[in-house]
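One file, data.cif, is given below (mmCIF, C-alpha atoms).
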```
data_start
loop_
_atom_site.label_atom_id
_atom_site.label_comp_id
_atom_site.auth_asym_id
_atom_site.auth_seq_id
_atom_site.Cartn_x
_atom_site.Cartn_y
_atom_site.Cartn_z
CA MET A 884 32.07 -1.24 2.47
CA SER A 885 28.32 -1.51 3.13
CA ASP A 886 26.27 -4.55 2.19
CA LEU A 887 24.66 -2.58 -0.64
CA GLU A 888 28.04 -1.42 -1.93
CA ALA A 889 29.21 -5.03 -1.93
CA LEU A 890 26.08 -6.14 -3.75
CA LEU A 891 25.70 -3.46 -6.40
CA GLN A 892 28.28 -2.25 -8.88
CA PRO A 893 29.14 1.49 -8.76
CA GLU A 894 26.97 2.14 -11.80
CA ALA A 895 23.98 0.41 -10.18
CA LEU A 896 24.54 2.31 -6.92
CA LEU A 897 24.50 5.55 -8.85
CA GLN A 898 21.31 4.48 -10.62
CA LEU A 899 19.76 3.68 -7.23
CA GLU A 900 20.67 7.15 -5.95
CA VAL A 901 19.18 8.71 -9.07
CA LEU A 902 16.05 6.58 -8.70
CA LEU A 903 15.57 7.72 -5.11
CA HIS A 904 16.23 11.36 -6.02
CA ASN A 905 13.77 11.29 -8.91
CA ALA A 906 11.16 9.50 -6.81
CA ASP A 907 11.47 12.07 -4.05
CA ALA A 908 10.92 14.84 -6.57
CA ALA A 909 8.00 13.16 -8.35
CA ALA A 910 6.20 11.40 -5.47
CA ALA A 911 3.64 14.17 -4.96
CA GLU A 912 2.77 14.12 -8.67
CA TRP A 913 2.55 10.33 -8.68
CA ASP A 914 0.14 10.58 -5.78
CA SER A 915 -2.37 12.21 -8.13
CA LYS A 916 -1.42 10.71 -11.51
CA GLY A 917 0.07 7.32 -10.68
CA ILE A 918 3.57 5.94 -11.22
CA PRO A 919 4.42 5.78 -14.95
CA ARG A 920 5.50 2.57 -16.65
CA GLU A 921 9.01 3.87 -17.29
CA MET A 922 9.71 3.85 -13.54
CA VAL A 923 9.51 0.05 -13.63
CA THR A 924 12.35 0.08 -16.13
CA ALA A 925 14.28 2.60 -14.05
CA ALA A 926 13.87 0.48 -10.92
CA ALA A 927 15.04 -2.62 -12.81
CA GLN A 928 18.07 -0.78 -14.17
CA ALA A 929 18.90 0.31 -10.64
CA GLY A 930 19.07 -3.36 -9.71
CA VAL A 931 16.29 -3.31 -7.13
CA VAL A 932 13.43 -5.14 -8.87
CA GLY A 933 13.66 -8.75 -7.75
CA MET A 934 17.06 -8.03 -6.23
CA ASP A 935 16.79 -11.00 -3.85
CA ARG A 936 16.39 -13.53 -6.68
CA PRO A 937 19.40 -15.56 -7.89
CA ARG A 938 21.77 -13.92 -10.34
CA ARG A 939 21.12 -16.62 -12.93
CA TYR A 940 17.58 -15.25 -13.18
CA GLY A 941 18.61 -11.61 -13.37
CA GLY A 942 18.48 -10.87 -9.64
CA ARG A 943 21.30 -9.68 -7.42
CA GLY A 944 21.30 -12.51 -4.93
CA ALA A 945 20.62 -9.99 -2.15
CA ASP A 946 20.17 -11.23 1.38
CA ALA A 947 17.27 -10.18 3.60
CA LEU A 948 19.17 -7.27 5.18
CA ALA A 949 20.13 -5.66 1.88
CA THR A 950 16.60 -6.18 0.55
CA GLY A 951 15.17 -4.58 3.68
CA ARG A 952 17.49 -1.59 3.47
CA VAL A 953 16.39 -0.88 -0.09
CA ALA A 954 12.74 -1.20 0.95
CA ALA A 955 13.39 1.34 3.71
CA ASP A 956 15.10 3.74 1.31
CA LEU A 957 12.20 3.48 -1.13
CA GLY A 958 9.65 3.78 1.66
CA ALA A 959 11.26 6.99 2.87
CA VAL A 960 10.50 8.73 -0.43
CA CYS A 961 7.40 7.07 -1.92
CA THR A 962 5.18 4.31 -0.57
CA SER A 963 3.83 3.57 -4.04
CA LEU A 964 7.31 2.99 -5.46
CA ARG A 965 8.13 0.75 -2.52
CA SER A 966 4.87 -1.08 -3.31
CA LEU A 967 6.15 -1.77 -6.83
CA PHE A 968 9.32 -3.21 -5.28
CA THR A 969 7.14 -5.29 -2.93
CA VAL A 970 4.60 -6.74 -5.35
CA GLN A 971 7.19 -7.49 -8.03
CA GLY A 972 9.22 -9.26 -5.37
CA MET A 973 6.20 -11.15 -4.01
CA VAL A 974 5.40 -12.70 -7.37
CA ALA A 975 9.05 -13.40 -8.17
CA ALA A 976 9.61 -15.06 -4.78
CA THR A 977 6.55 -17.24 -5.28
CA VAL A 978 7.62 -18.37 -8.75
CA ASP A 979 11.14 -19.03 -7.47
CA ARG A 980 9.87 -21.08 -4.52
CA TRP A 981 7.04 -23.03 -6.13
CA GLY A 982 7.63 -22.88 -9.86
CA THR A 983 9.16 -25.58 -12.01
CA ALA A 984 12.57 -25.08 -13.60
CA GLU A 985 10.81 -24.12 -16.81
CA GLN A 986 8.57 -21.61 -15.04
CA ARG A 987 11.52 -20.00 -13.28
CA ALA A 988 13.44 -19.72 -16.52
CA THR A 989 10.42 -18.23 -18.29
CA TRP A 990 9.12 -15.75 -15.75
CA LEU A 991 11.91 -14.68 -13.40
CA PRO A 992 14.20 -12.90 -15.90
CA ALA A 993 11.23 -10.93 -17.23
CA LEU A 994 10.19 -9.95 -13.69
CA THR A 995 13.64 -9.01 -12.42
CA GLY A 996 14.44 -7.19 -15.66
CA GLY A 997 11.26 -5.12 -15.55
CA GLU A 998 9.96 -6.38 -18.89
CA LEU A 999 6.85 -7.61 -17.10
CA VAL A 1000 4.90 -5.79 -14.41
CA ALA A 1001 3.31 -8.21 -11.95
CA GLY A 1002 0.35 -8.02 -9.61
CA LEU A 1003 -1.05 -10.21 -6.85
CA ALA A 1004 -4.78 -10.87 -7.27
CA ALA A 1005 -5.98 -12.47 -4.04
CA THR A 1006 -8.52 -10.13 -2.43
CA GLU A 1007 -12.20 -10.44 -3.25
CA ALA A 1008 -15.32 -8.77 -1.89
CA GLY A 1009 -15.72 -11.65 0.58
CA ALA A 1010 -12.08 -12.71 0.97
CA GLY A 1011 -9.28 -10.65 2.47
CA SER A 1012 -5.78 -11.48 3.64
CA ASP A 1013 -6.98 -14.75 5.22
CA LEU A 1014 -7.88 -15.84 1.66
CA SER A 1015 -11.01 -17.65 2.80
CA GLY A 1016 -14.26 -17.19 0.97
CA ILE A 1017 -12.68 -17.08 -2.49
CA THR A 1018 -15.19 -17.48 -5.31
CA THR A 1019 -12.84 -17.23 -8.32
CA TRP A 1020 -13.08 -20.53 -10.18
CA PHE A 1021 -10.77 -22.43 -12.52
CA THR A 1022 -12.34 -24.96 -14.89
CA GLY A 1023 -10.85 -27.60 -17.16
CA THR A 1024 -8.17 -30.25 -16.75
CA GLY A 1025 -6.34 -30.23 -20.06
CA PRO A 1026 -3.51 -28.10 -21.43
CA GLU A 1027 -5.68 -24.99 -21.25
CA ARG A 1028 -7.87 -23.93 -18.32
CA ARG A 1029 -10.39 -21.13 -18.00
CA MET A 1030 -10.81 -18.81 -15.04
CA SER A 1031 -13.64 -16.51 -13.97
CA GLY A 1032 -14.00 -14.21 -10.98
CA ARG A 1033 -13.42 -10.71 -9.69
CA LYS A 1034 -10.34 -9.59 -7.77
CA MET A 1035 -10.14 -6.28 -5.95
CA TRP A 1036 -7.44 -3.85 -4.84
CA VAL A 1037 -4.70 -5.30 -7.03
CA THR A 1038 -1.58 -3.21 -6.51
CA PHE A 1039 -0.26 -2.14 -9.93
CA GLY A 1040 -3.16 -4.01 -11.45
CA ALA A 1041 -3.68 -1.12 -13.89
CA LEU A 1042 -0.17 -1.69 -15.28
CA ALA A 1043 0.27 -5.42 -14.72
CA ASP A 1044 1.11 -7.68 -17.63
CA VAL A 1045 0.59 -10.76 -15.49
CA VAL A 1046 -1.11 -11.37 -12.16
CA LEU A 1047 -0.74 -14.18 -9.68
CA VAL A 1048 -4.35 -15.25 -9.10
CA THR A 1049 -5.78 -17.44 -6.36
CA GLY A 1050 -8.91 -19.46 -6.98
CA CYS A 1051 -10.66 -22.75 -6.56
CA SER A 1052 -11.12 -25.78 -8.78
CA GLU A 1053 -12.61 -29.25 -8.48
CA ALA A 1054 -9.14 -30.49 -7.59
CA GLY A 1055 -8.68 -27.90 -4.82
CA PRO A 1056 -7.28 -24.38 -4.42
CA VAL A 1057 -5.22 -23.07 -7.34
CA ALA A 1058 -2.63 -20.34 -7.85
CA ALA A 1059 -1.75 -19.42 -11.41
CA LEU A 1060 -0.08 -16.71 -13.48
CA VAL A 1061 -2.71 -15.08 -15.66
CA GLU A 1062 -1.78 -12.69 -18.45
CA THR A 1063 -3.94 -9.57 -18.49
CA GLY A 1064 -3.65 -8.56 -22.14
CA GLN A 1065 -6.21 -11.07 -23.40
CA PRO A 1066 -9.95 -11.25 -24.03
CA GLY A 1067 -11.89 -11.96 -20.87
CA VAL A 1068 -9.85 -9.68 -18.61
CA ASP A 1069 -11.35 -6.31 -17.67
CA VAL A 1070 -9.19 -3.81 -15.77
CA GLU A 1071 -10.95 -1.14 -13.70
CA PRO A 1072 -8.46 1.44 -12.33
CA VAL A 1073 -9.11 2.72 -8.81
CA THR A 1074 -8.47 6.39 -8.03
CA ASP A 1075 -8.76 8.69 -5.01
CA GLN A 1076 -8.50 5.90 -2.44
CA LEU A 1077 -7.17 6.82 1.00
CA GLY A 1078 -3.53 5.93 0.42
CA MET A 1079 -1.09 4.38 -2.06
CA ARG A 1080 -2.60 6.62 -4.71
CA GLY A 1081 0.38 6.25 -7.00
CA ALA A 1082 0.35 2.43 -6.95
CA ARG A 1083 -1.92 2.04 -9.99
CA ILE A 1084 -4.42 -0.05 -8.04
CA ALA A 1085 -7.21 -1.73 -10.01
CA HIS A 1086 -10.09 -4.17 -9.73
CA LEU A 1087 -9.84 -7.04 -12.23
CA THR A 1088 -12.74 -9.04 -13.62
CA PHE A 1089 -12.07 -12.34 -15.37
CA ASP A 1090 -14.59 -13.94 -17.69
CA ALA A 1091 -13.39 -17.33 -18.93
CA ALA A 1092 -9.85 -15.98 -19.19
CA ARG A 1093 -7.34 -18.39 -20.71
CA VAL A 1094 -4.84 -20.03 -18.34
CA PRO A 1095 -2.35 -22.43 -19.91
CA ALA A 1096 -1.68 -25.42 -17.66
CA GLU A 1097 2.01 -24.51 -17.57
CA ASN A 1098 1.09 -21.26 -15.78
CA ILE A 1099 -0.25 -23.07 -12.71
CA LEU A 1100 2.14 -22.98 -9.76
CA ALA A 1101 2.52 -26.18 -7.75
CA ARG A 1102 -0.31 -28.68 -7.77
CA PRO A 1103 -3.93 -27.79 -7.02
CA GLY A 1104 -4.44 -27.81 -3.27
CA PHE A 1105 -1.35 -25.75 -2.47
CA GLY A 1106 -2.72 -22.44 -3.75
CA LEU A 1107 -3.87 -20.95 -0.46
CA SER A 1108 -1.71 -22.32 2.31
CA HIS A 1109 1.68 -22.65 0.64
CA VAL A 1110 1.97 -20.68 -2.57
CA LEU A 1111 0.26 -17.53 -1.28
CA GLY A 1112 1.97 -17.92 2.07
CA THR A 1113 5.29 -17.32 0.34
CA ALA A 1114 3.98 -14.19 -1.36
CA LEU A 1115 2.42 -12.73 1.77
CA ASP A 1116 5.49 -13.41 3.91
CA HIS A 1117 7.70 -11.61 1.39
CA GLY A 1118 5.21 -8.77 1.23
CA ARG A 1119 5.04 -8.31 4.99
CA TYR A 1120 8.81 -8.21 5.23
CA THR A 1121 9.36 -5.47 2.67
CA ILE A 1122 6.35 -3.52 3.93
CA ALA A 1123 7.87 -3.62 7.42
CA TRP A 1124 11.12 -2.07 6.25
CA GLY A 1125 9.28 0.38 4.00
CA CYS A 1126 7.19 1.55 6.97
CA ALA A 1127 10.32 1.98 9.06
CA GLY A 1128 11.73 4.20 6.32
CA MET A 1129 8.46 6.11 6.15
CA ALA A 1130 8.45 6.68 9.91
CA ARG A 1131 12.08 7.82 9.91
CA ALA A 1132 11.34 10.34 7.14
CA CYS A 1133 8.37 11.73 9.08
CA LEU A 1134 10.52 12.14 12.18
CA THR A 1135 13.19 13.92 10.15
CA ASP A 1136 10.69 16.32 8.58
CA ALA A 1137 8.99 17.06 11.90
CA ALA A 1138 12.28 17.63 13.74
CA ALA A 1139 13.60 19.97 11.03
CA HIS A 1140 10.40 22.01 11.05
CA ALA A 1141 10.32 22.21 14.85
CA HIS A 1142 13.96 23.27 14.93
CA ASP A 1143 13.54 26.09 12.40
CA ARG A 1144 9.97 27.29 12.93
CA MET A 1145 9.52 30.45 15.04
CA GLN A 1146 6.21 31.43 16.59
CA SER A 1147 5.94 34.66 18.56
CA GLY A 1148 9.71 34.73 18.91
CA VAL A 1149 9.88 31.19 20.30
CA ARG A 1150 11.16 28.14 18.47
CA LEU A 1151 8.55 25.44 18.04
CA ALA A 1152 11.10 22.96 19.38
CA ASP A 1153 11.27 24.85 22.69
CA HIS A 1154 7.74 23.77 23.57
CA GLN A 1155 7.81 20.72 25.84
CA ALA A 1156 4.83 19.12 24.10
CA VAL A 1157 6.61 19.25 20.74
CA ARG A 1158 9.79 17.74 22.18
CA ALA A 1159 7.73 14.98 23.77
CA MET A 1160 6.11 14.15 20.42
CA LEU A 1161 9.51 14.00 18.76
CA GLY A 1162 10.80 11.77 21.55
CA ARG A 1163 7.91 9.35 21.20
CA SER A 1164 8.43 9.18 17.44
CA TRP A 1165 12.13 8.49 17.90
CA LEU A 1166 11.36 5.60 20.24
CA ASP A 1167 8.77 4.20 17.81
CA VAL A 1168 11.19 4.41 14.89
CA GLU A 1169 14.11 2.85 16.75
CA ALA A 1170 11.95 -0.01 18.01
CA ALA A 1171 10.53 -0.67 14.53
CA GLU A 1172 13.98 -0.69 12.95
CA ALA A 1173 15.26 -3.07 15.63
CA LEU A 1174 12.42 -5.52 14.96
CA CYS A 1175 13.04 -5.26 11.21
CA ALA A 1176 16.71 -6.05 11.80
CA ARG A 1177 15.77 -9.05 13.94
CA ALA A 1178 13.43 -10.28 11.20
CA ALA A 1179 16.30 -9.92 8.72
CA ARG A 1180 18.65 -11.96 10.94
CA ASP A 1181 16.04 -14.67 11.42
CA ARG A 1182 15.51 -14.93 7.68
CA ILE A 1183 19.23 -15.05 6.94
CA ASP A 1184 19.78 -17.69 9.64
CA ARG A 1185 16.64 -19.61 8.55
CA GLU A 1186 15.24 -19.52 12.05
CA PRO A 1187 11.87 -21.26 12.47
CA THR A 1188 10.53 -18.04 14.03
CA ALA A 1189 11.28 -15.98 10.92
CA GLN A 1190 7.67 -15.68 9.79
CA LEU A 1191 6.54 -14.62 13.26
CA THR A 1192 9.26 -12.02 13.69
CA THR A 1193 8.36 -10.71 10.25
CA ILE A 1194 4.74 -10.34 11.36
CA GLY A 1195 5.94 -8.55 14.48
CA ALA A 1196 8.19 -6.23 12.49
CA LYS A 1197 5.42 -5.36 10.06
CA TYR A 1198 3.00 -4.71 12.92
CA ALA A 1199 5.42 -2.46 14.81
CA ALA A 1200 6.70 -0.61 11.76
CA ALA A 1201 3.22 0.10 10.43
CA ALA A 1202 2.22 1.40 13.85
CA ALA A 1203 5.36 3.54 13.98
CA ALA A 1204 4.63 4.98 10.54
CA ALA A 1205 1.04 5.77 11.54
CA ALA A 1206 2.09 7.44 14.80
CA ALA A 1207 5.12 9.30 13.43
CA SER A 1208 3.20 10.61 10.41
CA GLU A 1209 0.30 11.78 12.61
CA ARG A 1210 2.70 13.63 14.90
CA ALA A 1211 4.58 15.07 11.93
CA VAL A 1212 1.39 16.49 10.46
CA GLN A 1213 0.49 17.94 13.87
CA ILE A 1214 3.90 19.59 14.26
CA LEU A 1215 4.02 20.85 10.67
CA GLY A 1216 0.53 22.27 10.99
CA ALA A 1217 -0.70 23.88 7.78
CA ALA A 1218 2.44 22.77 5.96
CA GLY A 1219 1.61 19.16 6.81
CA CYS A 1220 -1.88 19.53 5.38
CA ALA A 1221 -0.80 21.31 2.20
CA PRO A 1222 -0.89 19.61 -1.21
CA GLY A 1223 2.36 17.81 -1.85
CA SER A 1224 3.22 17.38 1.84
CA ARG A 1225 5.27 14.23 2.37
CA ALA A 1226 4.05 13.89 5.95
CA GLY A 1227 0.45 14.27 4.81
CA ARG A 1228 0.91 11.67 2.08
CA PHE A 1229 2.56 9.27 4.51
CA TYR A 1230 -0.23 9.88 7.04
CA ARG A 1231 -2.69 8.47 4.51
CA ASP A 1232 -0.38 5.71 3.33
CA ALA A 1233 0.41 4.51 6.85
CA LYS A 1234 -3.19 3.64 7.63
CA ILE A 1235 -3.25 1.37 4.56
CA MET A 1236 -0.11 -0.36 5.83
CA GLN A 1237 -1.95 -1.34 9.02
CA ILE A 1238 -4.53 -3.19 6.91
CA ILE A 1239 -2.82 -4.88 3.97
CA GLU A 1240 -0.99 -8.23 4.15
CA GLY A 1241 -2.77 -9.01 7.40
CA ALA A 1242 -4.63 -6.44 9.49
CA ARG A 1243 -3.11 -5.46 12.81
CA GLU A 1244 -5.84 -7.33 14.73
CA VAL A 1245 -4.92 -10.55 12.89
CA ALA A 1246 -1.24 -9.96 13.64
CA GLU A 1247 -1.99 -9.51 17.34
CA GLN A 1248 -3.74 -12.87 17.43
CA ASP A 1249 -0.90 -14.60 15.56
CA LEU A 1250 1.69 -13.12 17.93
CA GLY A 1251 -0.41 -13.96 20.98
CA GLU A 1252 -0.71 -17.58 19.86
CA PHE A 1253 3.06 -17.67 19.39
CA VAL A 1254 3.63 -16.42 22.95
CA LEU A 1255 1.27 -19.01 24.42
CA ARG A 1256 2.77 -21.79 22.32
CA SER A 1257 6.23 -20.79 23.53
CA VAL A 1258 5.10 -21.10 27.14
CA GLY A 1259 3.78 -24.61 26.47
CA GLU A 1260 6.95 -25.68 24.68
CA SER A 1261 9.18 -24.34 27.46
CA ARG A 1262 7.22 -26.28 30.06
CA VAL A 1263 7.45 -29.47 28.07
CA ALA A 1264 11.20 -28.96 27.73
CA ALA A 1265 11.45 -28.46 31.49
CA GLY A 1266 9.47 -31.63 32.15
CA ARG A 1267 6.54 -29.82 33.79
#
```
Encoded form (structure tokens):
Amino acid sequence: MSDLEALLQPEALLQLEVLLHNADAAAAEWDSKGIPREMVTAAAQAGVVGMDRPRRYGGRGADALATGRVAADLGAVCTSLRSLFTVQGMVAATVDRWGTAEQRATWLPALTGGELVAGLAATEAGAGSDLSGITTWFTGTGPERRMSGRKMWVTFGALADVVLVTGCSEAGPVAALVETGQPGVDVEPVTDQLGMRGARIAHLTFDAARVPAENILARPGFGLSHVLGTALDHGRYTIAWGCAGMARACLTDAAAHAHDRMQSGVRLADHQAVRAMLGRSWLDVEAAEALCARAARDRIDREPTAQLTTIGAKYAAAAAAAAASERAVQILGAAGCAPGSRAGRFYRDAKIMQIIEGAREVAEQDLGEFVLRSVGESRVAAGR
């Protein structure tokens, strides 16, 4: 019995299979029209929304490996649907880690059950994944605060009922859950961006939006380094697995086309250059999946290196998705460039994956610092 079979009841497994089948069939349409609200309900019914949260809050109690496998399955059919899985999980993980008992009881069942769609509102015109330069401001100290600012590129922001917002206050950085269906919140949907076109991305402008004090997570001062760190770490992990699934799907499509396609009486697969491209993609995919599996083990075993191996897995898997999708489009030729092409859609999506939740250049620096720190620690341990 697989870990997913042990986790999900037969009915939920069937619903997951149906979800993946329907997503595969509709992904091209979603790429132009956006994922509909009812897919949130379908994903929740399939047991995958917030599946790694405790059962008492409506989750499945899934470990990191099972969560990663679902992210890979979703990533193999639709990046935007995997993004729903990711952002819903990011907000749920943050509430679970930093929320009070009352906040967990209030928000987690609604998030895991799909009653609420969540978004993460951190990026601003002058503040990216490093979260520095934030200008969003919270005012007030009583039972009700007010918040003003503009957040950009909010995944599922066009559908979100609540967004986890980062900002500043006189008491220090703040992270709070802000409901979007209120005066003072303007939602500007984004369309025709490079990738993730089905992920209902939006820019959000807040003008003295109401924020009850009970919606603030942790105490002011934790908003950037701790609260958002939890969200971003969860995001990187599921993106890593989703990219591995994306890369594997591109390899499968390219190999099938090369195997069957005849040109001038010669199979495309009989050209050495094509076989070499397929070989490089296979190596990229296998390496990415191995790093994802290591990140899963580190998270399950609570290794102190878990965040670093997650960064490494996300870096490698995003690179694998970018390379495998590029090669798949090249091998598929006109078919890879045609409307509705999965390889073409993934080619666009993969570039976004190399930017969000920490650009690849930032990841390289983090990993390099880890390597150098390890050298120093080993020398200290050896008494040198």
Using the chain letters and numbers from this file, what does the PyMOL selection byres ((chain A and resi 1226) around 10) select? Give the answer as a PDB file with C-alpha atoms, in the frame of the given file.
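Listing of expr.pdb after writing:
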```pdb
ATOM      1  CA  MET A1129       8.460   6.110   6.150  1.00  0.00           C
ATOM      2  CA  ALA A1130       8.450   6.680   9.910  1.00  0.00           C
ATOM      3  CA  ALA A1132      11.340  10.340   7.140  1.00  0.00           C
ATOM      4  CA  CYS A1133       8.370  11.730   9.080  1.00  0.00           C
ATOM      5  CA  LEU A1134      10.520  12.140  12.180  1.00  0.00           C
ATOM      6  CA  ASP A1136      10.690  16.320   8.580  1.00  0.00           C
ATOM      7  CA  ALA A1137       8.990  17.060  11.900  1.00  0.00           C
ATOM      8  CA  ALA A1207       5.120   9.300  13.430  1.00  0.00           C
ATOM      9  CA  SER A1208       3.200  10.610  10.410  1.00  0.00           C
ATOM     10  CA  GLU A1209       0.300  11.780  12.610  1.00  0.00           C
ATOM     11  CA  ARG A1210       2.700  13.630  14.900  1.00  0.00           C
ATOM     12  CA  ALA A1211       4.580  15.070  11.930  1.00  0.00           C
ATOM     13  CA  VAL A1212       1.390  16.490  10.460  1.00  0.00           C
ATOM     14  CA  GLN A1213       0.490  17.940  13.870  1.00  0.00           C
ATOM     15  CA  LEU A1215       4.020  20.850  10.670  1.00  0.00           C
ATOM     16  CA  ALA A1218       2.440  22.770   5.960  1.00  0.00           C
ATOM     17  CA  GLY A1219       1.610  19.160   6.810  1.00  0.00           C
ATOM     18  CA  CYS A1220      -1.880  19.530   5.380  1.00  0.00           C
ATOM     19  CA  ALA A1221      -0.800  21.310   2.200  1.00  0.00           C
ATOM     20  CA  GLY A1223       2.360  17.810  -1.850  1.00  0.00           C
ATOM     21  CA  SER A1224       3.220  17.380   1.840  1.00  0.00           C
ATOM     22  CA  ARG A1225       5.270  14.230   2.370  1.00  0.00           C
ATOM     23  CA  GLY A1227       0.450  14.270   4.810  1.00  0.00           C
ATOM     24  CA  ARG A1228       0.910  11.670   2.080  1.00  0.00           C
ATOM     25  CA  PHE A1229       2.560   9.270   4.510  1.00  0.00           C
ATOM     26  CA  TYR A1230      -0.230   9.880   7.040  1.00  0.00           C
ATOM     27  CA  ARG A1231      -2.690   8.470   4.510  1.00  0.00           C
ATOM     28  CA  ASP A1232      -0.380   5.710   3.330  1.00  0.00           C
TER      29      ASP A1232
END
```
Checklist entry - Near region 1180-1191 of chain A, within 7 Å and counting all atoms listed in the file, which residues show up once chain neighbours fewer than 3 positions away are dropped, as a list in words? => result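 That gives Asp946, Ala947, Asp1116, Ala1176, Arg1177, Ile1194, Gly1195 and Leu1250 of chain A.
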Checklist entry - From the set A:Trp981, A:Trp1036, A:Trp990, A:Trp1124, which residue has the shortest atom-to-atom contact distance to Thr950 (chain A), counting only C-alpha atoms? => result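 So, comparing all the options, the nearest one is A:Trp1124.
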Checklist entry - Evaluating the PyMOL selection byres ((chain A and resi 1055) around 10) on the displayed file yields which residues, as a ChimeraX atom specification? => result /A:1021,1050-1054,1056-1057,1102-1107
Next on the checklist: I want to know what sits within 12 Å of region 1089-1099 of chain A, based on only C-alpha atoms, with residues of the same chain fewer than 6 positions away left out; could you give that as a count of residues only?
Outcome noted: 56
Checklist entry - Expanded to explicit residues, what is the PyMOL selection byres ((chain A and resi 1171) around 8) for this file, as number ranges by chain? => result A: 1127, 1167-1170, 1172-1175, 1196, 1199-1200, 1203
Next on the checklist: Restricting the calculation to only C-alpha atoms: of A:Pro919, A:Gly1118, A:Gly996, A:Gly944, which residue gets closest to Val974 (chain A)?
Outcome noted: A:Gly1118
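Our summary of the geometry notes that CA of Leu994 (chain A) is positioned 15.8 Å from CA of Leu1100 (chain A).
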Next on the checklist: I'd like to know which of A:Leu964, A:Leu991, A:Ala926, A:Leu1077 is closest to Arg939 (chain A), using all atoms listed in the file.
Outcome noted: A:Leu991
Next on the checklist: Rounded to one decimal, what separation in Å do you get between CA of Asp1143 (chain A) and CA of Ala1217 (chain A)?
Outcome noted: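 So the two atoms, CA of Asp1143 (chain A) and CA of Ala1217 (chain A), lie 15.1 Å apart.
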Checklist entry - Do you have the CA of Thr995 (chain A)-CA of Gly933 (chain A) distance handy? => result 4.7 Å
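Around Gly930 (chain A), within 9 Å and counting all atoms listed in the file, the residues found are Leu891, Ala895, Leu896, Gln898, Leu899, Ala925, Gly942, Arg943, Thr995 and Gly996 of chain A, once anything fewer than 5 positions away on its own chain is removed.
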For Gly1128 (chain A), find every residue with an atom within 8 Å (counting only C-alpha atoms), except residues of its own chain fewer than 5 positions away, and show them as a compact mmCIF listing (two decimals) with C-alpha atoms, keeping the file's coordinate frame.
```txt
# COMPACT_ATOMS: atom_id res chain seq x y z
CA ALA A 954 12.74 -1.20 0.95
CA ALA A 955 13.39 1.34 3.71
CA ASP A 956 15.10 3.74 1.31
CA LEU A 957 12.20 3.48 -1.13
CA GLY A 958 9.65 3.78 1.66
CA ALA A 959 11.26 6.99 2.87
```
